[in-house]
Amino acid sequence: MEPEDLYARVITDVPLLSALDYRVPPDMLLAVGDIVIVPVGNRKKAGVVIELRPWTEIEKGRLKSVSKVKLGIPPLPAEWLRLTKFASLYYCRSWGEVALPAIPAFFRKSPGVRYQTSLEKVRELPSASGKNSAFPALQLNDEQQDAVARISSSKGFSPFLLFGVTGSGKTEVYLRVMQKVLAQDPQNQVLLLVPEINLTPQLEERVASHFPGEIVVTLNSELSERERARSWLAAHEGRSRILVGTRMAAFASFRQLALIVVDEEHDLSYKAGDGSRYSARDLSVKRAHDLQIPVILGSASPSLESWAAARQGRYCLLELHRRAVSHAEPPELELVDVRSRKKEEILSSEVREAMDETLGRHEQALVFINRRGFSPVLMCPACGWKSECPNCSAFMVYHKDSRSLVCHHCGHVERIPERCPSCGAADILPVGLGTQRIEEEIGRLWPNARILRIDRDNFKTKRATDAAFREVHEGKIDILIGTQMIAKGHDFQHVSLVVILNIDSQLVSTDIRSRERAFATMLQVSGRAGRSGLKSRVLVETSFPSDVIFSYLARQDYAGFADFQLRMRKRDGAPPFVFQALLTAEHRELEPALETLLLAVEKGLEIQSRLPGGGGVAIYDPVPMTLVRVANKNRAQLLVEGESHKNLLSFLKEWLPAIEPLPGVGLSLEVDPQRF
Ligand code: ADP
Ligand code: ZN
Ligand code: ZN
């Protein structure tokens, strides 16, 4: 067969477009998995070759040609193609939409004249440190040893759920297993996934110093295009055997991946972002299955999906019961009933006393409140006016330091009105608490304390945040105030008091995930205290002190809580006992959005009537979303539920192409909307 007798089937990231066929120019050498540049309409796009075939007479002449091929890098391996294809089918996206964004931008650009030179640069890596480990090897405790032994003696696909409180030595277990896997075969590579917020310099150092002979590369959204290309290529070509990365690294390409670790597997950041809302954790398990390798999911508060899988025996549950450092005392939980609190008090007297004591002992306090800004709403006591966003059905948050009202949903910003825009009254008041208001109050109460507030408003980059955390570690801060950003990962040595404010709204929310998140958050935040043997306390302000969630929290009994929640989920027919897809319609007006979904229901019922047992799916009524208007778009949703994921997918496959949105209505589908 002559090379000119070939055509290439190529995927690109044009939405809704399936693979396209191109002529392969006679002088071009192509392989399946090669990245190419192809004409699509009148544009040039990057694509990946998924198939090469001799062409037939009919197609001859009609086909455009492949424009360019990215020379100098090996083709994407078959395993990577299978992974991205699977993800596209599972999440109902086109293959190209999933695959192309997973390739660094550097390799998606048309190769210019200087391409080879820049490629050489991208290929340069710092050499392995070669230094001997800076830390003496730790003696693992029995549970750690057992975990390492069971994982490293496993054969083929073996999913493990490593469950242990923060500080119980999970990371140490990952590192030891990684070590064993790397020692088994010089070609072996490992992938360590961590939440965005946990990829700290401390973690990088810890991994690097554990593997002095290895080149450790990282992938995360903070890296420049060049840095990303460098790490990606090093893993792709097998020159680096350890990749530590965030969610985006789940789609990295490897020559011989032999182990995947997903740290903090319950973390929401594994499924964040817009566009294809895939779960990096779920895909990692799938990938491990495909490769027949072990995968470790680690967490102090596993997702209910993983917990259910462990309870059903599909995952092997490994527990670390104690904190690894024996003098680390679990903190004592105290509930502060705020129902009787005086209205003008921002912090309860219990909290104020505890702070006084902590500061008196020159120890650190951490105040957690999951809301940015000064107060969530401004209100006029005279007429009841509230700071509503003009574009959304939500309130604008009062940001005192920038003297503005900011909508956290659409980003709309306004100056603070001097008088009530509705009745002209002079006094408009902040209602509720945000980080800034707490910072102001704490500054007023303890004027001599060194206070640091960390949230997304004042720390926008990772670099700045890391520097701020360093100050805390170095003991230069007495009181740390912050949102979720301070809850995770950090191993503060001198924090002996943790205060949790404003958790109540999460306890009574209608969102089925809300209580679980509240529990995980409280558990995590509490875990910041008592890391180095200081006797420590956790104070939670709440109006619901008798809520059962606190009795589990007091015992730090995540397992009990998770079992309880799973029983509730089962009773309510909620995931993971059913499989869901959510169709969202948006339009300037609510009516066309709802109407489109009603038409979609009709189509769905029609399809169902032709299937035995209705295809094992249920179609619910379309409803306006709770937060119905965002950025001047009204949104409505329609839930479809399947008894199995297979039922759901085969229904979606018929249903989606049959749906015709009314003019101007945008539609989007999310598979597993509640699965994190
Ligand atoms: P996790 O990942 O569960 O939060 P780590 O692995 O980070 O826990 O361990 C917490 C701390 O305890 C770290 O400082 C680590 O070096 C230390 N550590 C872990 N295992 C042991 C051990 N067997 N003996 C002594 N210290 C340990
Ligand atoms: Zn008013
Ligand atoms: Zn808004």
# chains A, B, ... in the order shown; residues from 1 in each chain; ligands from 1
call {"tool": "residues_around", "arguments": {"residues": "region 233-248 of chain A", "least_positions_apart": "2", "cutoff": "8 Å", "atoms": "only C-alpha atoms", "output": "PyMOL selection string"}}
result
chain A and resi 73-74+76+102+122-123+182+187-196+199+204+214-221+229-231+250-256+269-271+280
call {"tool": "residues_near_ligand", "arguments": {"ligand": "ligand 1", "cutoff": "6 Å", "atoms": "only C-alpha atoms and all ligand atoms", "output": "number ranges by chain"}}
result
A: 138-141, 165-172, 324-325
call {"tool": "write_last_selection", "arguments": {"atoms": "C-alpha atoms", "output": "mmCIF file, in the first residue's frame"}}
result
data_model
loop_
_atom_site.group_PDB
_atom_site.id
_atom_site.type_symbol
_atom_site.label_atom_id
_atom_site.label_comp_id
_atom_site.auth_asym_id
_atom_site.auth_seq_id
_atom_site.Cartn_x
_atom_site.Cartn_y
_atom_site.Cartn_z
ATOM 1 C CA LEU A 138 9.878 7.408 59.011
ATOM 2 C CA GLN A 139 8.994 4.190 60.699
ATOM 3 C CA LEU A 140 5.466 3.449 59.481
ATOM 4 C CA ASN A 141 2.908 2.423 62.079
ATOM 5 C CA VAL A 165 -8.237 11.760 59.392
ATOM 6 C CA THR A 166 -5.985 14.584 58.334
ATOM 7 C CA GLY A 167 -2.577 13.854 59.759
ATOM 8 C CA SER A 168 -3.089 10.111 59.961
ATOM 9 C CA GLY A 169 -0.270 9.554 57.499
ATOM 10 C CA LYS A 170 -2.093 8.972 54.209
ATOM 11 C CA THR A 171 0.427 10.953 52.191
ATOM 12 C CA GLU A 172 3.195 8.865 53.698
ATOM 13 C CA ALA A 324 0.487 9.601 62.796
ATOM 14 C CA VAL A 325 2.204 11.939 65.193
#
call {"tool": "closest_atom_pairs", "arguments": {"of": "chain A", "to": "ligand 3", "cutoff": "8 Å", "atoms": "only C-alpha atoms and all ligand atoms", "output": "tab-separated table"}}
result
residue	atom	partner	partner_atom_place_in_ligand_line	distance
A:Cys389	CA	ligand 3	1 (Zn)	4.8
A:Pro390	CA	ligand 3	1 (Zn)	6.5
A:Asn391	CA	ligand 3	1 (Zn)	4.7
A:Cys392	CA	ligand 3	1 (Zn)	4.2
A:Ser393	CA	ligand 3	1 (Zn)	7.3
A:Ala394	CA	ligand 3	1 (Zn)	6.5
A:Phe395	CA	ligand 3	1 (Zn)	7.6
A:Met396	CA	ligand 3	1 (Zn)	7.0
A:Val406	CA	ligand 3	1 (Zn)	7.9
A:Cys407	CA	ligand 3	1 (Zn)	4.5
A:His408	CA	ligand 3	1 (Zn)	6.6
A:His409	CA	ligand 3	1 (Zn)	5.0
A:Cys410	CA	ligand 3	1 (Zn)	4.0
A:Gly411	CA	ligand 3	1 (Zn)	6.0
A:His412	CA	ligand 3	1 (Zn)	5.4
A:Val630	CA	ligand 3	1 (Zn)	5.8
A:Ala631	CA	ligand 3	1 (Zn)	5.4
A:Asn632	CA	ligand 3	1 (Zn)	7.9
call {"tool": "write_last_selection", "arguments": {"atoms": "N, CA, C and O atoms", "output": "compact mmCIF listing (two decimals), in the first residue's frame"}}
result
# COMPACT_ATOMS: atom_id res chain seq x y z
N CYS A 389 -29.28 42.29 42.93
CA CYS A 389 -28.54 42.46 41.68
C CYS A 389 -29.52 42.72 40.54
O CYS A 389 -30.54 42.05 40.44
N PRO A 390 -29.21 43.70 39.68
CA PRO A 390 -30.12 43.96 38.56
C PRO A 390 -30.17 42.83 37.54
O PRO A 390 -31.12 42.72 36.78
N ASN A 391 -29.14 41.98 37.53
CA ASN A 391 -29.08 40.92 36.52
C ASN A 391 -29.47 39.54 37.01
O ASN A 391 -29.63 38.63 36.23
N CYS A 392 -29.52 39.40 38.35
CA CYS A 392 -29.72 38.06 38.89
C CYS A 392 -30.80 38.08 39.97
O CYS A 392 -31.08 39.13 40.54
N SER A 393 -31.34 36.94 40.24
CA SER A 393 -32.27 36.86 41.36
C SER A 393 -31.47 36.55 42.62
O SER A 393 -31.63 35.53 43.25
N ALA A 394 -30.55 37.44 42.95
CA ALA A 394 -29.67 37.24 44.11
C ALA A 394 -29.31 38.62 44.66
O ALA A 394 -29.48 39.63 43.98
N PHE A 395 -28.78 38.63 45.89
CA PHE A 395 -28.36 39.90 46.48
C PHE A 395 -26.90 40.17 46.15
O PHE A 395 -26.09 39.26 46.04
N MET A 396 -26.60 41.47 46.03
CA MET A 396 -25.21 41.85 45.87
C MET A 396 -24.57 41.91 47.25
O MET A 396 -25.19 42.36 48.21
N VAL A 406 -21.06 43.85 45.18
CA VAL A 406 -20.62 42.93 44.14
C VAL A 406 -21.56 41.73 44.08
O VAL A 406 -21.88 41.14 45.11
N CYS A 407 -21.99 41.39 42.87
CA CYS A 407 -22.79 40.18 42.72
C CYS A 407 -21.84 39.00 42.51
O CYS A 407 -21.04 39.01 41.58
N HIS A 408 -21.91 38.01 43.38
CA HIS A 408 -20.99 36.87 43.28
C HIS A 408 -21.42 35.88 42.20
O HIS A 408 -20.74 34.89 41.96
N HIS A 409 -22.53 36.15 41.55
CA HIS A 409 -22.98 35.24 40.49
C HIS A 409 -22.62 35.76 39.10
O HIS A 409 -22.20 34.99 38.25
N CYS A 410 -22.81 37.07 38.87
CA CYS A 410 -22.54 37.57 37.52
C CYS A 410 -21.38 38.55 37.51
O CYS A 410 -20.93 38.98 36.45
N GLY A 411 -20.88 38.94 38.69
CA GLY A 411 -19.75 39.84 38.73
C GLY A 411 -20.12 41.33 38.66
O GLY A 411 -19.25 42.19 38.68
N HIS A 412 -21.41 41.63 38.60
CA HIS A 412 -21.86 43.02 38.52
C HIS A 412 -21.37 43.80 39.76
O HIS A 412 -21.47 43.33 40.88
N VAL A 630 -29.58 34.53 36.33
CA VAL A 630 -28.18 34.87 36.51
C VAL A 630 -27.70 35.57 35.25
O VAL A 630 -27.93 35.08 34.14
N ALA A 631 -27.06 36.72 35.43
CA ALA A 631 -26.55 37.50 34.30
C ALA A 631 -27.63 37.70 33.24
O ALA A 631 -27.40 37.52 32.05
N ASN A 632 -28.81 38.06 33.71
CA ASN A 632 -29.94 38.36 32.81
C ASN A 632 -30.42 37.17 32.00
O ASN A 632 -31.10 37.36 31.00
call {"tool": "closest_atom_pairs", "arguments": {"of": "chain A", "to": "ligand 2", "cutoff": "12 Å", "atoms": "only C-alpha atoms and all ligand atoms", "output": "CSV"}}
result
residue,atom,partner,partner_atom_place_in_ligand_line,distance
A:Leu378,CA,ligand 2,1 (Zn),10.7
A:Met379,CA,ligand 2,1 (Zn),7.8
A:Cys380,CA,ligand 2,1 (Zn),4.6
A:Pro381,CA,ligand 2,1 (Zn),6.6
A:Ala382,CA,ligand 2,1 (Zn),5.0
A:Cys383,CA,ligand 2,1 (Zn),4.1
A:Gly384,CA,ligand 2,1 (Zn),6.0
A:Trp385,CA,ligand 2,1 (Zn),5.2
A:Lys386,CA,ligand 2,1 (Zn),8.5
A:Ser387,CA,ligand 2,1 (Zn),10.7
A:Pro417,CA,ligand 2,1 (Zn),11.1
A:Glu418,CA,ligand 2,1 (Zn),11.3
A:Arg419,CA,ligand 2,1 (Zn),7.9
A:Cys420,CA,ligand 2,1 (Zn),4.6
A:Pro421,CA,ligand 2,1 (Zn),6.7
A:Ser422,CA,ligand 2,1 (Zn),5.0
A:Cys423,CA,ligand 2,1 (Zn),4.1
A:Gly424,CA,ligand 2,1 (Zn),5.8
A:Ala425,CA,ligand 2,1 (Zn),5.3
A:Ala426,CA,ligand 2,1 (Zn),8.2
A:Asp427,CA,ligand 2,1 (Zn),8.3
A:Ile428,CA,ligand 2,1 (Zn),7.5
A:Leu429,CA,ligand 2,1 (Zn),10.4
call {"tool": "write_last_selection", "arguments": {"atoms": "N, CA and C atoms", "output": "compact mmCIF listing (two decimals), in the first residue's frame"}}
result
# COMPACT_ATOMS: atom_id res chain seq x y z
N LEU A 378 -27.06 44.43 51.86
CA LEU A 378 -27.31 45.72 52.52
C LEU A 378 -28.82 45.90 52.57
N MET A 379 -29.29 46.51 53.66
CA MET A 379 -30.74 46.64 53.78
C MET A 379 -31.12 47.99 54.36
N CYS A 380 -32.26 48.49 53.92
CA CYS A 380 -32.79 49.73 54.48
C CYS A 380 -33.84 49.37 55.52
N PRO A 381 -33.59 49.68 56.79
CA PRO A 381 -34.56 49.32 57.84
C PRO A 381 -35.86 50.10 57.68
N ALA A 382 -35.83 51.27 57.03
CA ALA A 382 -37.03 52.09 56.89
C ALA A 382 -38.04 51.49 55.92
N CYS A 383 -37.56 51.06 54.75
CA CYS A 383 -38.53 50.59 53.75
C CYS A 383 -38.32 49.13 53.35
N GLY A 384 -37.29 48.51 53.81
CA GLY A 384 -37.09 47.10 53.50
C GLY A 384 -36.32 46.85 52.20
N TRP A 385 -35.82 47.92 51.56
CA TRP A 385 -35.01 47.76 50.35
C TRP A 385 -33.81 46.85 50.63
N LYS A 386 -33.49 46.00 49.66
CA LYS A 386 -32.29 45.16 49.79
C LYS A 386 -31.44 45.28 48.53
N SER A 387 -30.16 45.03 48.68
CA SER A 387 -29.23 45.24 47.57
C SER A 387 -29.32 44.11 46.54
N PRO A 417 -24.60 52.92 47.55
CA PRO A 417 -25.46 54.10 47.51
C PRO A 417 -25.34 54.89 48.82
N GLU A 418 -25.37 56.22 48.73
CA GLU A 418 -25.23 57.01 49.95
C GLU A 418 -26.52 56.99 50.75
N ARG A 419 -27.63 56.92 50.01
CA ARG A 419 -28.93 56.84 50.67
C ARG A 419 -29.68 55.66 50.08
N CYS A 420 -30.74 55.28 50.74
CA CYS A 420 -31.55 54.18 50.22
C CYS A 420 -32.08 54.54 48.84
N PRO A 421 -31.80 53.73 47.81
CA PRO A 421 -32.24 54.05 46.46
C PRO A 421 -33.77 54.05 46.35
N SER A 422 -34.44 53.48 47.32
CA SER A 422 -35.88 53.35 47.22
C SER A 422 -36.62 54.47 47.97
N CYS A 423 -36.23 54.74 49.23
CA CYS A 423 -36.97 55.74 49.99
C CYS A 423 -36.11 56.94 50.38
N GLY A 424 -34.82 56.87 50.12
CA GLY A 424 -33.97 58.01 50.40
C GLY A 424 -33.48 58.10 51.84
N ALA A 425 -33.83 57.13 52.67
CA ALA A 425 -33.37 57.15 54.06
C ALA A 425 -31.83 57.12 54.10
N ALA A 426 -31.26 57.73 55.13
CA ALA A 426 -29.80 57.87 55.17
C ALA A 426 -29.10 56.62 55.69
N ASP A 427 -29.78 55.84 56.50
CA ASP A 427 -29.09 54.69 57.12
C ASP A 427 -29.43 53.39 56.43
N ILE A 428 -28.48 52.88 55.67
CA ILE A 428 -28.67 51.53 55.19
C ILE A 428 -27.66 50.65 55.90
N LEU A 429 -28.08 49.44 56.26
CA LEU A 429 -27.27 48.63 57.17
C LEU A 429 -26.81 47.32 56.54
call {"tool": "residues_around", "arguments": {"residues": "Glu225 (chain A)", "least_positions_apart": "6", "cutoff": "10 Å", "atoms": "only C-alpha atoms", "output": "ChimeraX atom specification"}}
result
/A:104-107
call {"tool": "atom_distance", "arguments": {"atom1": "CA of Lys121 (chain A)", "atom2": "CA of Phe211 (chain A)"}}
result
24.5 Å
call {"tool": "residues_around", "arguments": {"residues": "Tyr22 (chain A)", "least_positions_apart": "3", "cutoff": "12 Å", "atoms": "only C-alpha atoms", "output": "PyMOL selection string"}}
result
chain A and resi 4-11+19+25+30+36-40+47-55+59-68
call {"tool": "write_last_selection", "arguments": {"atoms": "N, CA and C atoms", "output": "short mmCIF file (atom, residue, chain, number, x, y, z; two decimals), in the first residue's frame"}}
result
data_model
loop_
_atom_site.label_atom_id
_atom_site.label_comp_id
_atom_site.auth_asym_id
_atom_site.auth_seq_id
_atom_site.Cartn_x
_atom_site.Cartn_y
_atom_site.Cartn_z
N GLU A 4 0.23 7.39 -0.15
CA GLU A 4 -0.77 8.37 -0.65
C GLU A 4 -2.17 7.78 -0.72
N ASP A 5 -2.26 6.50 -0.42
CA ASP A 5 -3.57 5.88 -0.44
C ASP A 5 -4.31 5.97 0.88
N LEU A 6 -3.84 6.86 1.77
CA LEU A 6 -4.45 6.91 3.10
C LEU A 6 -5.35 8.11 3.30
N TYR A 7 -6.39 7.90 4.11
CA TYR A 7 -7.06 9.06 4.68
C TYR A 7 -7.00 8.96 6.19
N ALA A 8 -7.12 10.13 6.81
CA ALA A 8 -7.05 10.18 8.27
C ALA A 8 -8.38 10.65 8.82
N ARG A 9 -8.84 9.96 9.85
CA ARG A 9 -10.03 10.42 10.56
C ARG A 9 -9.53 11.22 11.76
N VAL A 10 -10.04 12.47 11.87
CA VAL A 10 -9.47 13.42 12.83
C VAL A 10 -10.56 14.01 13.72
N ILE A 11 -10.30 14.08 15.02
CA ILE A 11 -11.23 14.77 15.92
C ILE A 11 -10.70 16.16 16.22
N ALA A 19 -16.03 13.22 14.11
CA ALA A 19 -14.73 13.16 13.46
C ALA A 19 -14.85 13.45 11.96
N PRO A 25 -1.43 13.91 2.70
CA PRO A 25 -0.52 14.20 1.58
C PRO A 25 0.54 13.11 1.48
N LEU A 30 2.10 9.78 8.95
CA LEU A 30 1.17 9.95 10.07
C LEU A 30 0.99 8.66 10.82
N VAL A 36 -2.44 16.93 14.65
CA VAL A 36 -2.32 17.52 13.31
C VAL A 36 -3.07 18.86 13.27
N ILE A 37 -2.78 19.61 12.22
CA ILE A 37 -3.56 20.82 11.95
C ILE A 37 -4.37 20.56 10.69
N VAL A 38 -5.67 20.80 10.80
CA VAL A 38 -6.55 20.50 9.67
C VAL A 38 -7.47 21.69 9.39
N PRO A 39 -7.89 21.84 8.12
CA PRO A 39 -8.87 22.88 7.83
C PRO A 39 -10.27 22.43 8.26
N VAL A 40 -10.97 23.31 9.02
CA VAL A 40 -12.37 23.04 9.37
C VAL A 40 -13.13 24.29 8.94
N GLY A 47 -6.13 18.95 15.66
CA GLY A 47 -6.93 17.74 15.78
C GLY A 47 -6.04 16.57 16.15
N VAL A 48 -6.67 15.45 16.45
CA VAL A 48 -5.92 14.23 16.76
C VAL A 48 -6.39 13.14 15.79
N VAL A 49 -5.43 12.45 15.21
CA VAL A 49 -5.75 11.36 14.29
C VAL A 49 -6.23 10.16 15.09
N ILE A 50 -7.45 9.71 14.80
CA ILE A 50 -7.94 8.54 15.54
C ILE A 50 -7.98 7.28 14.68
N GLU A 51 -7.79 7.47 13.38
CA GLU A 51 -7.85 6.30 12.51
C GLU A 51 -7.14 6.63 11.20
N LEU A 52 -6.46 5.64 10.61
CA LEU A 52 -5.86 5.80 9.28
C LEU A 52 -6.35 4.64 8.42
N ARG A 53 -6.88 4.97 7.24
CA ARG A 53 -7.44 3.91 6.41
C ARG A 53 -7.11 4.18 4.95
N PRO A 54 -7.02 3.12 4.17
CA PRO A 54 -6.94 3.35 2.74
C PRO A 54 -8.25 3.96 2.28
N TRP A 55 -8.22 4.89 1.34
CA TRP A 55 -9.49 5.51 0.95
C TRP A 55 -10.14 4.82 -0.22
N GLU A 59 -14.68 8.60 -2.08
CA GLU A 59 -14.26 9.71 -1.24
C GLU A 59 -13.17 10.53 -1.90
N LYS A 60 -12.49 9.94 -2.83
CA LYS A 60 -11.35 10.58 -3.46
C LYS A 60 -11.77 11.92 -4.06
N GLY A 61 -10.92 12.93 -3.89
CA GLY A 61 -11.22 14.20 -4.52
C GLY A 61 -12.08 15.11 -3.67
N ARG A 62 -13.02 14.53 -2.91
CA ARG A 62 -13.89 15.38 -2.12
C ARG A 62 -13.19 15.86 -0.84
N LEU A 63 -12.18 15.12 -0.44
CA LEU A 63 -11.57 15.39 0.87
C LEU A 63 -10.53 16.50 0.83
N LYS A 64 -10.53 17.32 1.89
CA LYS A 64 -9.44 18.26 2.09
C LYS A 64 -8.25 17.50 2.66
N SER A 65 -7.10 18.16 2.63
CA SER A 65 -5.90 17.48 3.12
C SER A 65 -5.53 17.92 4.52
N VAL A 66 -4.86 17.04 5.23
CA VAL A 66 -4.25 17.42 6.50
C VAL A 66 -3.21 18.51 6.20
N SER A 67 -3.24 19.64 6.95
CA SER A 67 -2.32 20.73 6.63
C SER A 67 -0.93 20.47 7.18
N LYS A 68 -0.89 20.12 8.45
CA LYS A 68 0.41 19.97 9.09
C LYS A 68 0.35 18.90 10.15
#
call {"tool": "residues_around", "arguments": {"residues": "region 455-457 of chain A", "least_positions_apart": "2", "cutoff": "12 Å", "atoms": "only C-alpha atoms", "output": "PyMOL selection string"}}
result
chain A and resi 197+368-374+399-402+406+408+434-436+439+452-453+459-462+464-465+468-469+480-487
call {"tool": "write_last_selection", "arguments": {"atoms": "N, CA, C and O atoms", "output": "compact mmCIF listing (two decimals), in the first residue's frame"}}
result
# COMPACT_ATOMS: atom_id res chain seq x y z
N ILE A 197 -6.08 23.48 45.60
CA ILE A 197 -5.67 24.21 46.79
C ILE A 197 -4.56 23.48 47.57
O ILE A 197 -3.82 24.07 48.34
N PHE A 368 -13.03 30.46 60.82
CA PHE A 368 -13.52 30.03 59.51
C PHE A 368 -14.92 30.58 59.27
O PHE A 368 -15.81 30.43 60.11
N ILE A 369 -15.12 31.22 58.15
CA ILE A 369 -16.47 31.63 57.75
C ILE A 369 -16.55 31.54 56.24
O ILE A 369 -15.73 32.10 55.52
N ASN A 370 -17.54 30.80 55.78
CA ASN A 370 -17.56 30.48 54.36
C ASN A 370 -18.29 31.54 53.53
O ASN A 370 -19.13 31.22 52.73
N ARG A 371 -17.97 32.80 53.78
CA ARG A 371 -18.59 33.82 52.95
C ARG A 371 -17.67 35.02 52.82
O ARG A 371 -17.21 35.57 53.81
N ARG A 372 -17.41 35.39 51.58
CA ARG A 372 -16.54 36.53 51.33
C ARG A 372 -17.32 37.83 51.52
O ARG A 372 -18.54 37.83 51.58
N GLY A 373 -16.60 38.93 51.55
CA GLY A 373 -17.22 40.24 51.61
C GLY A 373 -17.46 40.67 53.04
O GLY A 373 -17.06 40.00 53.99
N PHE A 374 -18.12 41.83 53.19
CA PHE A 374 -18.38 42.37 54.52
C PHE A 374 -19.69 41.79 55.06
O PHE A 374 -19.74 41.22 56.13
N HIS A 399 -18.98 44.84 49.86
CA HIS A 399 -17.54 44.74 50.04
C HIS A 399 -17.05 46.08 50.57
O HIS A 399 -16.98 47.06 49.84
N LYS A 400 -16.71 46.09 51.85
CA LYS A 400 -16.40 47.37 52.46
C LYS A 400 -15.07 47.93 51.98
O LYS A 400 -14.93 49.12 51.74
N ASP A 401 -14.07 47.06 51.83
CA ASP A 401 -12.74 47.59 51.48
C ASP A 401 -12.69 48.21 50.09
O ASP A 401 -11.93 49.12 49.84
N SER A 402 -13.54 47.74 49.18
CA SER A 402 -13.57 48.39 47.86
C SER A 402 -14.78 49.32 47.75
O SER A 402 -15.06 49.84 46.67
N VAL A 406 -21.06 43.85 45.18
CA VAL A 406 -20.62 42.93 44.14
C VAL A 406 -21.56 41.73 44.08
O VAL A 406 -21.88 41.14 45.11
N HIS A 408 -21.91 38.01 43.38
CA HIS A 408 -20.99 36.87 43.28
C HIS A 408 -21.42 35.88 42.20
O HIS A 408 -20.74 34.89 41.96
N GLY A 434 -19.67 38.41 56.77
CA GLY A 434 -18.72 37.93 55.79
C GLY A 434 -17.32 38.07 56.37
O GLY A 434 -17.14 38.63 57.46
N THR A 435 -16.32 37.56 55.67
CA THR A 435 -14.95 37.59 56.20
C THR A 435 -14.48 39.00 56.57
O THR A 435 -13.82 39.20 57.59
N GLN A 436 -14.85 39.99 55.74
CA GLN A 436 -14.36 41.35 56.00
C GLN A 436 -14.92 41.92 57.30
O GLN A 436 -14.23 42.61 58.04
N GLU A 439 -13.18 40.35 60.14
CA GLU A 439 -11.84 40.92 60.25
C GLU A 439 -11.90 42.27 60.97
O GLU A 439 -11.09 42.54 61.86
N LEU A 452 -4.62 38.12 59.87
CA LEU A 452 -4.51 37.92 58.42
C LEU A 452 -5.83 37.34 57.92
O LEU A 452 -6.38 36.41 58.50
N ARG A 453 -6.34 37.95 56.86
CA ARG A 453 -7.56 37.43 56.25
C ARG A 453 -7.20 36.82 54.89
O ARG A 453 -6.48 37.43 54.11
N PHE A 459 -6.57 37.51 48.01
CA PHE A 459 -5.48 36.66 47.50
C PHE A 459 -5.93 35.97 46.23
O PHE A 459 -6.65 34.99 46.27
N LYS A 460 -5.50 36.52 45.13
CA LYS A 460 -6.02 36.02 43.86
C LYS A 460 -5.11 34.98 43.22
O LYS A 460 -5.56 34.16 42.45
N THR A 461 -3.82 35.02 43.53
CA THR A 461 -2.93 34.03 42.92
C THR A 461 -2.42 33.06 43.97
O THR A 461 -2.40 33.34 45.16
N LYS A 462 -1.98 31.91 43.46
CA LYS A 462 -1.46 30.87 44.32
C LYS A 462 -0.17 31.33 45.00
O LYS A 462 0.06 31.07 46.18
N ALA A 464 0.78 34.35 45.83
CA ALA A 464 0.51 35.27 46.93
C ALA A 464 -0.07 34.50 48.13
O ALA A 464 0.31 34.75 49.28
N THR A 465 -0.96 33.55 47.84
CA THR A 465 -1.56 32.78 48.92
C THR A 465 -0.51 31.95 49.64
O THR A 465 -0.48 31.90 50.87
N ALA A 468 1.39 34.06 51.94
CA ALA A 468 0.62 34.40 53.12
C ALA A 468 0.62 33.23 54.12
O ALA A 468 0.82 33.42 55.32
N PHE A 469 0.42 32.03 53.59
CA PHE A 469 0.41 30.86 54.47
C PHE A 469 1.76 30.66 55.15
O PHE A 469 1.84 30.19 56.28
N LEU A 480 -5.90 33.96 62.12
CA LEU A 480 -6.10 33.77 60.68
C LEU A 480 -7.60 33.66 60.43
O LEU A 480 -8.29 32.86 61.06
N ILE A 481 -8.11 34.51 59.52
CA ILE A 481 -9.53 34.51 59.19
C ILE A 481 -9.65 34.10 57.73
O ILE A 481 -8.87 34.56 56.89
N GLY A 482 -10.60 33.24 57.42
CA GLY A 482 -10.72 32.92 56.00
C GLY A 482 -11.86 31.99 55.66
O GLY A 482 -12.58 31.49 56.53
N THR A 483 -11.98 31.78 54.35
CA THR A 483 -13.02 30.91 53.80
C THR A 483 -12.44 29.51 53.62
O THR A 483 -11.36 29.21 54.12
N GLN A 484 -13.13 28.72 52.85
CA GLN A 484 -12.67 27.39 52.43
C GLN A 484 -11.17 27.34 52.14
O GLN A 484 -10.53 26.32 52.35
N MET A 485 -10.64 28.45 51.66
CA MET A 485 -9.22 28.48 51.31
C MET A 485 -8.30 28.10 52.46
O MET A 485 -7.19 27.63 52.25
N ILE A 486 -8.74 28.34 53.71
CA ILE A 486 -7.86 28.02 54.83
C ILE A 486 -8.19 26.67 55.45
O ILE A 486 -7.53 26.22 56.39
N ALA A 487 -9.22 26.00 54.89
CA ALA A 487 -9.70 24.78 55.53
C ALA A 487 -8.80 23.58 55.27
O ALA A 487 -8.77 22.63 56.04
call {"tool": "closest_atom_pairs", "arguments": {"of": "region 450-567 of chain A", "to": "region 345-358 of chain A", "cutoff": "9 Å", "atoms": "only C-alpha atoms", "output": "tab-separated table"}}
result
residue	atom	partner	partner_atom	distance
A:Ile479	CA	A:Met355	CA	8.9
A:Val495	CA	A:Thr358	CA	8.9
A:Ser496	CA	A:Thr358	CA	7.1
A:Leu497	CA	A:Thr358	CA	6.8
A:Val499	CA	A:Val351	CA	7.3
A:Leu501	CA	A:Leu347	CA	8.8
A:Arg537	CA	A:Ala354	CA	8.6
A:Leu539	CA	A:Val351	CA	7.1
A:Val540	CA	A:Val351	CA	8.9
A:Glu541	CA	A:Ser348	CA	8.0
call {"tool": "select_by_dssp", "arguments": {"residues": "region 321-401 of chain A", "states": "alpha helix (DSSP H)", "output": "VMD selection string"}}
result
chain A and resid 349 to 360
